[in-house]
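A.B. asks: As input, take run.csv (CSV, C-alpha atoms and all ligand atoms):
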```
chain,number,residue,atom,x,y,z
A,1,MET,CA,0.0,0.0,0.0
A,2,LEU,CA,1.2,3.4,-1.1
A,3,LEU,CA,0.7,5.2,2.3
A,4,GLN,CA,1.2,2.4,4.8
A,5,ASN,CA,2.5,3.6,8.2
A,6,LYS,CA,1.9,7.3,7.1
A,7,VAL,CA,-0.2,9.8,9.0
A,8,GLY,CA,-1.9,12.6,7.0
A,9,ILE,CA,-4.0,15.7,7.5
A,10,ILE,CA,-6.8,16.4,5.0
A,11,LEU,CA,-8.2,19.9,5.3
A,12,GLY,CA,-11.6,20.9,3.8
A,13,VAL,CA,-14.1,18.1,4.0
A,14,ALA,CA,-17.6,19.5,3.7
A,15,ASN,CA,-19.5,16.4,2.5
A,16,ALA,CA,-19.2,13.2,0.5
A,17,ASN,CA,-18.8,15.2,-2.7
A,18,SER,CA,-15.8,17.2,-1.5
A,19,ILE,CA,-12.5,16.7,-3.3
A,20,ALA,CA,-11.0,16.4,0.2
A,21,TRP,CA,-13.3,13.3,0.8
A,22,GLY,CA,-12.0,11.7,-2.5
A,23,CYS,CA,-8.5,12.2,-1.1
A,24,ALA,CA,-9.5,10.8,2.3
A,25,THR,CA,-11.1,7.6,1.0
A,26,ASN,CA,-8.2,6.8,-1.3
A,27,ALA,CA,-5.5,7.7,1.3
A,28,HIS,CA,-7.4,5.4,3.8
A,29,LYS,CA,-7.4,2.6,1.1
A,30,GLU,CA,-3.7,3.1,0.7
A,31,GLY,CA,-3.1,2.5,4.5
A,32,ALA,CA,-2.8,6.1,5.9
A,33,LYS,CA,-4.0,7.2,9.3
A,34,LEU,CA,-6.0,10.4,8.8
A,35,VAL,CA,-7.1,13.6,10.6
A,36,LEU,CA,-9.8,15.5,8.7
A,37,SER,CA,-10.7,19.2,9.2
A,38,TYR,CA,-14.2,20.7,8.8
A,39,LEU,CA,-15.1,24.4,9.0
A,40,ASP,CA,-17.6,24.8,11.7
A,41,ASP,CA,-20.6,23.4,13.7
A,42,ARG,CA,-22.9,23.6,10.6
A,43,ILE,CA,-20.7,21.2,8.7
A,44,ARG,CA,-19.7,18.9,11.5
A,45,PRO,CA,-22.8,16.6,11.4
A,46,ARG,CA,-22.0,15.8,7.8
A,47,VAL,CA,-18.3,15.1,8.4
A,48,VAL,CA,-18.4,13.1,11.6
A,49,PRO,CA,-20.3,10.0,10.1
A,50,LEU,CA,-17.9,10.1,7.1
A,51,ALA,CA,-14.8,10.3,9.3
A,52,GLU,CA,-16.1,7.3,11.3
A,53,THR,CA,-16.3,5.1,8.2
A,54,ILE,CA,-12.5,5.5,7.7
A,55,ASN,CA,-11.6,5.6,11.4
A,56,ALA,CA,-10.2,9.2,11.0
A,57,ASP,CA,-9.9,11.9,13.7
A,58,PHE,CA,-11.8,15.0,12.9
A,59,LEU,CA,-11.3,18.6,14.1
A,60,GLU,CA,-12.6,22.0,13.5
A,61,LEU,CA,-10.4,24.5,11.5
A,62,ASP,CA,-11.4,27.9,10.4
A,63,VAL,CA,-8.4,29.3,8.4
A,64,THR,CA,-9.5,32.9,9.0
A,65,ASN,CA,-8.9,32.4,12.7
A,66,LYS,CA,-5.3,32.3,14.0
A,67,ASN,CA,-6.3,30.6,17.2
A,68,SER,CA,-8.2,27.9,15.4
A,69,PHE,CA,-4.9,27.1,13.4
A,70,LYS,CA,-3.0,27.1,16.7
A,71,GLU,CA,-5.4,24.7,18.4
A,72,PHE,CA,-5.5,22.4,15.3
A,73,PHE,CA,-1.8,22.0,15.1
A,74,LYS,CA,-1.4,21.7,18.9
A,75,PHE,CA,-3.8,18.7,18.7
A,76,ILE,CA,-1.7,17.1,15.9
A,77,LYS,CA,1.6,17.7,17.7
A,78,GLU,CA,0.2,16.2,21.0
A,79,LYS,CA,-1.5,13.2,19.5
A,80,TYR,CA,0.8,12.3,16.6
A,81,GLY,CA,4.1,14.1,17.2
A,82,GLN,CA,5.1,13.7,13.6
A,83,ILE,CA,3.1,13.4,10.4
A,84,ASP,CA,3.9,12.7,6.8
A,85,PHE,CA,1.5,14.6,4.5
A,86,ILE,CA,-1.0,17.4,4.4
A,87,ILE,CA,-3.7,17.9,1.7
A,88,HIS,CA,-5.1,21.4,1.6
A,89,SER,CA,-8.5,21.5,-0.1
A,90,ILE,CA,-10.0,24.8,1.0
A,91,ALA,CA,-11.3,27.8,-0.9
A,92,PHE,CA,-14.0,30.5,-0.6
A,93,ALA,CA,-15.2,33.6,-2.4
A,94,ASN,CA,-18.5,35.5,-2.0
A,95,LYS,CA,-21.1,34.1,-4.5
A,96,GLU,CA,-21.7,37.6,-6.0
A,97,ASP,CA,-18.1,37.7,-7.0
A,98,LEU,CA,-18.3,34.4,-9.0
A,99,ARG,CA,-20.5,35.9,-11.7
A,100,GLY,CA,-20.5,39.1,-13.9
A,101,LYS,CA,-17.3,41.0,-14.2
A,102,TYR,CA,-14.0,40.7,-12.3
A,103,VAL,CA,-13.6,44.4,-12.5
A,104,ASN,CA,-16.4,44.8,-10.0
A,105,THR,CA,-14.6,42.9,-7.2
A,106,SER,CA,-14.5,44.9,-4.0
A,107,ARG,CA,-11.4,45.3,-1.8
A,108,ASP,CA,-13.1,43.3,1.0
A,109,SER,CA,-14.1,40.5,-1.4
A,110,PHE,CA,-10.6,40.3,-2.9
A,111,SER,CA,-9.0,40.1,0.6
A,112,LEU,CA,-11.5,37.4,1.8
A,113,ALA,CA,-11.0,35.2,-1.3
A,114,LEU,CA,-7.2,35.5,-1.2
A,115,ASN,CA,-7.0,35.1,2.5
A,116,ILE,CA,-9.0,31.8,2.7
A,117,SER,CA,-8.0,30.3,-0.7
A,118,ALA,CA,-4.3,31.2,-0.9
A,119,PHE,CA,-2.9,32.6,2.4
A,120,SER,CA,-4.2,29.6,4.3
A,121,LEU,CA,-1.7,27.4,2.5
A,122,VAL,CA,1.1,29.7,3.6
A,123,GLU,CA,-0.1,29.5,7.2
A,124,VAL,CA,-0.2,25.7,7.0
A,125,ALA,CA,3.3,25.7,5.6
A,126,LYS,CA,4.5,27.6,8.7
A,127,TYR,CA,3.5,24.7,11.0
A,128,ALA,CA,4.8,22.0,8.7
A,129,PRO,CA,8.6,21.8,9.6
A,130,ASP,CA,7.7,21.3,13.3
A,131,ILE,CA,5.5,18.3,12.6
A,132,MET,CA,7.4,16.9,9.6
A,133,LYS,CA,10.9,16.6,11.0
A,134,SER,CA,11.6,13.6,8.7
A,135,GLY,CA,10.3,15.4,5.7
A,136,GLY,CA,6.8,15.3,4.1
A,137,SER,CA,4.5,16.4,1.4
A,138,ILE,CA,1.9,19.2,1.1
A,139,THR,CA,-0.6,19.2,-1.7
A,140,THR,CA,-3.2,21.9,-2.5
A,141,MET,CA,-6.0,22.2,-5.1
A,142,SER,CA,-6.0,24.6,-7.9
A,143,TYR,CA,-7.9,25.2,-11.2
A,144,LEU,CA,-7.2,26.3,-14.8
A,145,GLY,CA,-8.7,29.7,-14.0
A,146,ALA,CA,-5.3,30.5,-12.4
A,147,GLU,CA,-3.7,30.4,-15.9
A,148,LYS,CA,-6.5,31.4,-18.3
A,149,VAL,CA,-9.6,33.5,-18.1
A,150,VAL,CA,-12.6,31.3,-17.3
A,151,GLU,CA,-16.0,33.0,-17.3
A,152,SER,CA,-17.3,33.8,-13.8
A,153,TYR,CA,-14.3,32.4,-12.0
A,154,ASN,CA,-13.1,36.0,-11.5
A,155,VAL,CA,-11.5,36.6,-8.1
A,156,MET,CA,-11.1,32.9,-7.5
A,157,GLY,CA,-8.9,32.7,-10.6
A,158,VAL,CA,-6.7,35.5,-9.1
A,159,ALA,CA,-6.6,33.6,-5.8
A,160,LYS,CA,-5.6,30.4,-7.5
A,161,ALA,CA,-2.8,32.2,-9.4
A,162,ALA,CA,-1.5,33.4,-6.0
A,163,LEU,CA,-1.9,29.8,-4.7
A,164,GLU,CA,0.1,28.4,-7.5
A,165,ALA,CA,2.9,31.0,-7.1
A,166,SER,CA,2.8,30.2,-3.4
A,167,VAL,CA,3.4,26.5,-4.2
A,168,ARG,CA,6.6,27.4,-6.0
A,169,TYR,CA,7.9,29.8,-3.3
A,170,LEU,CA,6.9,27.4,-0.5
A,171,ALA,CA,8.6,24.5,-2.3
A,172,ARG,CA,11.8,26.5,-2.3
A,173,ASP,CA,11.5,27.5,1.4
A,174,LEU,CA,10.6,24.1,2.7
A,175,GLY,CA,12.9,22.1,0.4
A,176,GLU,CA,15.7,22.3,3.0
A,177,HIS,CA,13.4,20.4,5.4
A,178,ASN,CA,12.7,17.7,2.7
A,179,ILE,CA,9.1,18.9,2.6
A,180,ARG,CA,7.6,19.0,-0.9
A,181,VAL,CA,4.9,21.4,-1.9
A,182,ASN,CA,2.7,20.7,-5.0
A,183,ALA,CA,-0.7,21.5,-6.5
A,184,ILE,CA,-3.3,19.5,-8.4
A,185,SER,CA,-5.1,21.6,-11.0
A,186,ALA,CA,-8.4,19.7,-11.0
A,187,GLY,CA,-11.0,19.8,-13.8
A,188,PRO,CA,-14.5,21.0,-12.8
A,189,ILE,CA,-16.4,18.7,-10.4
A,190,ASN,CA,-19.9,19.2,-9.1
A,191,THR,CA,-19.2,20.1,-5.4
A,192,LEU,CA,-20.7,22.6,-3.0
A,193,ALA,CA,-18.0,25.2,-3.8
A,194,ALA,CA,-18.3,24.7,-7.5
A,195,ARG,CA,-22.1,25.1,-7.5
A,196,GLY,CA,-21.5,28.7,-6.3
A,197,ILE,CA,-19.8,29.6,-9.6
A,198,GLY,CA,-22.1,31.2,-12.3
A,199,GLY,CA,-22.7,28.9,-15.3
A,200,PHE,CA,-20.8,26.0,-13.8
A,201,SER,CA,-22.9,23.2,-15.4
A,202,LYS,CA,-22.0,24.7,-18.9
A,203,VAL,CA,-18.3,24.2,-18.0
A,204,LEU,CA,-18.9,20.5,-17.3
A,205,ASP,CA,-20.5,20.1,-20.7
A,206,ILE,CA,-17.7,21.9,-22.5
A,207,VAL,CA,-15.0,19.8,-20.8
A,208,LYS,CA,-16.8,16.5,-21.6
A,209,GLU,CA,-17.0,17.5,-25.2
A,210,LYS,CA,-13.5,19.0,-25.7
A,211,ALA,CA,-11.2,17.1,-23.3
A,212,PRO,CA,-9.0,14.5,-24.9
A,213,LEU,CA,-10.4,11.8,-22.6
A,214,LYS,CA,-14.0,12.9,-23.5
A,215,ARG,CA,-15.2,12.9,-19.9
A,216,ASN,CA,-15.2,14.9,-16.7
A,217,ILE,CA,-13.0,13.9,-13.8
A,218,SER,CA,-14.1,12.6,-10.4
A,219,ILE,CA,-13.1,13.2,-6.8
A,220,ASP,CA,-11.6,9.7,-7.0
A,221,ASP,CA,-9.3,10.8,-9.9
A,222,VAL,CA,-8.0,13.7,-7.8
A,223,GLY,CA,-7.8,11.5,-4.7
A,224,LYS,CA,-5.6,9.0,-6.5
A,225,THR,CA,-3.2,11.7,-7.7
A,226,ALA,CA,-3.2,13.2,-4.3
A,227,CYS,CA,-2.1,9.8,-2.8
A,228,PHE,CA,0.8,9.7,-5.4
A,229,LEU,CA,1.9,13.2,-4.3
A,230,ALA,CA,1.7,12.2,-0.6
A,231,SER,CA,3.7,9.0,-1.2
A,232,ASP,CA,7.4,8.3,-1.7
A,233,TYR,CA,6.6,7.5,-5.4
A,234,SER,CA,6.7,11.3,-6.0
A,235,ALA,CA,9.9,11.9,-3.8
A,236,GLY,CA,11.6,13.9,-6.6
A,237,ILE,CA,8.6,16.2,-7.4
A,238,THR,CA,8.2,19.6,-5.7
A,239,GLY,CA,6.9,23.1,-6.8
A,240,GLU,CA,4.8,21.4,-9.5
A,241,ILE,CA,1.2,22.0,-10.7
A,242,ILE,CA,-0.2,18.7,-12.0
A,243,HIS,CA,-3.3,18.9,-14.2
A,244,VAL,CA,-5.9,16.2,-13.4
A,245,ASP,CA,-8.5,17.4,-15.9
A,246,ALA,CA,-8.8,14.7,-18.6
A,247,GLY,CA,-6.3,16.7,-20.6
A,248,PHE,CA,-8.6,19.7,-21.1
A,249,ASN,CA,-5.8,22.3,-20.4
A,250,ILE,CA,-3.9,21.3,-23.6
A,251,ILE,CA,-6.7,22.1,-26.0
A,252,VAL,CA,-7.0,25.4,-27.6
A,253,LEU,CA,-9.3,24.7,-30.6
B,301,LIG,N1,-14.9,21.5,-7.7
B,301,LIG,C1,-14.2,21.9,-8.6
B,301,LIG,O1,-14.6,22.1,-9.8
B,301,LIG,C2,-12.7,22.3,-8.4
B,301,LIG,C3,-11.8,22.4,-9.4
B,301,LIG,C4,-10.5,22.7,-9.1
B,301,LIG,C5,-10.1,23.0,-7.8
B,301,LIG,N2,-11.0,23.0,-6.8
B,301,LIG,C6,-10.6,23.3,-5.5
B,301,LIG,O2,-10.7,22.2,-4.7
B,301,LIG,C7,-10.8,22.6,-3.3
B,301,LIG,C8,-11.9,21.9,-2.6
B,301,LIG,O3,-13.2,22.4,-3.1
B,301,LIG,P1,-14.4,21.4,-3.5
B,301,LIG,O4,-14.7,21.6,-4.9
B,301,LIG,O5,-14.1,20.0,-3.0
B,301,LIG,O6,-15.6,22.0,-2.7
B,301,LIG,P2,-16.1,21.8,-1.1
B,301,LIG,O7,-17.1,22.9,-0.9
B,301,LIG,O8,-16.5,20.5,-0.9
B,301,LIG,O9,-14.7,22.2,-0.3
B,301,LIG,C9,-14.3,23.5,0.0
B,301,LIG,C10,-14.0,23.4,1.4
B,301,LIG,O10,-13.4,24.7,1.9
B,301,LIG,C11,-13.9,24.8,3.2
B,301,LIG,N3,-13.7,26.2,3.7
B,301,LIG,C12,-14.2,27.4,3.2
B,301,LIG,N4,-13.9,28.4,4.0
B,301,LIG,C13,-13.1,27.9,5.0
B,301,LIG,C14,-12.5,28.5,6.1
B,301,LIG,N5,-12.6,29.8,6.4
B,301,LIG,N6,-11.7,27.7,6.9
B,301,LIG,C15,-11.7,26.3,6.7
B,301,LIG,N7,-12.3,25.7,5.6
B,301,LIG,C16,-13.0,26.5,4.8
B,301,LIG,C17,-15.3,24.4,3.2
B,301,LIG,O11,-15.9,24.2,4.4
B,301,LIG,C18,-15.2,23.1,2.3
B,301,LIG,O12,-14.9,22.0,3.2
B,301,LIG,C19,-10.9,24.1,-3.3
B,301,LIG,O13,-9.6,24.7,-3.2
B,301,LIG,C20,-11.4,24.4,-4.8
B,301,LIG,O14,-11.1,25.7,-5.3
B,301,LIG,C21,-12.3,22.6,-7.1
```
Transcribe the structure of this file into structure tokens.
Ligand SMILES: NC(=O)c1ccc[n+]([C@@H]2O[C@H](COP(=O)([O-])OP(=O)(O)OC[C@H]3O[C@@H](n4cnc5c(N)ncnc54)[C@H](O)[C@@H]3O)[C@@H](O)[C@H]2O)c1
C.D. replies:
Amino acid sequence: MLLQNKVGIILGVANANSIAWGCATNAHKEGAKLVLSYLDDRIRPRVVPLAETINADFLELDVTNKNSFKEFFKFIKEKYGQIDFIIHSIAFANKEDLRGKYVNTSRDSFSLALNISAFSLVEVAKYAPDIMKSGGSITTMSYLGAEKVVESYNVMGVAKAALEASVRYLARDLGEHNIRVNAISAGPINTLAARGIGGFSKVLDIVKEKAPLKRNISIDDVGKTACFLASDYSAGITGEIIHVDAGFNIIVL
């Protein structure tokens, strides 16, 4: 098994459709012991039964709250001491900013989206060396809207561009600790977060028609690549953005 004897943290489970859950089920199958994070009490009742099916610990983490971060990593340090991988699968922007024109984004909306969706990875990386003394792997989730203009993706595209640049800078900073930092650029998947994006179902149809593999991807596709990135099989890969999108990103016409 790819992740036998490894302990991992998976941040951002909201429900059984979450990309984080696709990562969790696959990492569990590959033998990892897991800790899952969920945002708040509203989401907890959906996450607890899921966590129980894979014998995972679960803990609240609101990335806008410094104390929440502190408490989360204190728990990890006290219970596990050292861990092997972290999968960061968290993003947020106000619904009204995920339609219409990017030019209308307010200063507050911009800060909120960048704070939750990109800076949270930087904050995670600050805690990593202390709980990954033998090295480790951090993986985050991005989208094509970081590289190209995707209708309605707007401020989230800018947040993902910051996230992808952060992956490269963090990979350089944490490389001396033998901690690798990578991103998966996932194709569109029908999740809670995605449903907030204007015209999202149209994007699913376009990908299915144009992608080389003639299909959309699943949380299982992403979860399997996330396991590879968490495992020793990717020991030589860091600072990389891997597209798991049925090949859609290579198509122009
Ligand atoms: N679904 C897609 O089409 C798609 C494609 C590419 C990348 N992604 C990325 O994958 C990641 C996971 O999204 P998803 O599609 O699984 O949707 P999701 O709604 O299941 O997951 C998003 C998670 O972010 C969490 N979150 C939001 N604000 C938070 C905060 N302040 N503190 C802690 N957690 C917070 C939510 O609770 C939720 O668990 C996101 O980064 C998203 O941008 C999604």
A.B. asks: Could you give me, as a PyMOL selection string, the residues within 12 Å of Ala165 in chain A, counting all atoms listed in the file and dropping anything in the same chain fewer than 2 positions from it?
C.D. replies: chain A and resi 118-119+121-122+140+142+146-147+158-163+167-172+181-183+239-241
A.B. asks: Of the candidates A:Lys77, A:Arg44, A:Lys70, A:Lys101, which one gets nearest to ligand LIG 301 (chain B) if we count all atoms listed in the file?
C.D. replies: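 So, comparing all the options, the nearest one is A:Arg44.
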A.B. asks: Got a sec: who's within 12 Å of Glu176 in chain A, counting all atoms listed in the file, leaving out chain neighbours fewer than 3 positions off, as a list in words?
C.D. replies: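 Once the adjacent positions are removed, what remains is Pro129, Met132, Lys133, Ser134, Gly135, Gly136, Leu170, Ala171, Arg172, Asp173, Ile179, Arg180, Val181 and Thr238 of chain A.
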A.B. asks: For Asp205 in chain A, list every protein, DNA or RNA residue within 12 Å, evaluated using only C-alpha atoms, and leave out those in the same chain fewer than 6 positions away; present the list as number ranges by chain.
C.D. replies: A: 187-190, 199, 211, 214-217, 248
A.B. asks: Would you name the residues within 9 Å of ligand LIG 301 (chain B), counting all atoms listed in the file, and put them as a compact mmCIF listing (two decimals) with C-alpha atoms, in the coordinates of the input?
C.D. replies:
```
# COMPACT_ATOMS: atom_id res chain seq x y z
CA LEU A 11 -8.20 19.90 5.30
CA GLY A 12 -11.60 20.90 3.80
CA VAL A 13 -14.10 18.10 4.00
CA ALA A 14 -17.60 19.50 3.70
CA ASN A 15 -19.50 16.40 2.50
CA ALA A 16 -19.20 13.20 0.50
CA ASN A 17 -18.80 15.20 -2.70
CA SER A 18 -15.80 17.20 -1.50
CA ILE A 19 -12.50 16.70 -3.30
CA ALA A 20 -11.00 16.40 0.20
CA TRP A 21 -13.30 13.30 0.80
CA GLY A 22 -12.00 11.70 -2.50
CA SER A 37 -10.70 19.20 9.20
CA TYR A 38 -14.20 20.70 8.80
CA LEU A 39 -15.10 24.40 9.00
CA ASP A 40 -17.60 24.80 11.70
CA ILE A 43 -20.70 21.20 8.70
CA GLU A 60 -12.60 22.00 13.50
CA LEU A 61 -10.40 24.50 11.50
CA ASP A 62 -11.40 27.90 10.40
CA VAL A 63 -8.40 29.30 8.40
CA THR A 64 -9.50 32.90 9.00
CA ASN A 65 -8.90 32.40 12.70
CA HIS A 88 -5.10 21.40 1.60
CA SER A 89 -8.50 21.50 -0.10
CA ILE A 90 -10.00 24.80 1.00
CA ALA A 91 -11.30 27.80 -0.90
CA PHE A 92 -14.00 30.50 -0.60
CA ALA A 93 -15.20 33.60 -2.40
CA LEU A 112 -11.50 37.40 1.80
CA ASN A 115 -7.00 35.10 2.50
CA ILE A 116 -9.00 31.80 2.70
CA SER A 117 -8.00 30.30 -0.70
CA ALA A 118 -4.30 31.20 -0.90
CA SER A 120 -4.20 29.60 4.30
CA THR A 140 -3.20 21.90 -2.50
CA MET A 141 -6.00 22.20 -5.10
CA SER A 142 -6.00 24.60 -7.90
CA TYR A 143 -7.90 25.20 -11.20
CA LEU A 144 -7.20 26.30 -14.80
CA GLY A 145 -8.70 29.70 -14.00
CA MET A 156 -11.10 32.90 -7.50
CA LYS A 160 -5.60 30.40 -7.50
CA ILE A 184 -3.30 19.50 -8.40
CA SER A 185 -5.10 21.60 -11.00
CA ALA A 186 -8.40 19.70 -11.00
CA GLY A 187 -11.00 19.80 -13.80
CA PRO A 188 -14.50 21.00 -12.80
CA ILE A 189 -16.40 18.70 -10.40
CA ASN A 190 -19.90 19.20 -9.10
CA THR A 191 -19.20 20.10 -5.40
CA LEU A 192 -20.70 22.60 -3.00
CA ALA A 193 -18.00 25.20 -3.80
CA ALA A 194 -18.30 24.70 -7.50
CA ARG A 195 -22.10 25.10 -7.50
CA PHE A 200 -20.80 26.00 -13.80
CA LEU A 204 -18.90 20.50 -17.30
CA ILE A 219 -13.10 13.20 -6.80
CA ASP A 245 -8.50 17.40 -15.90
```
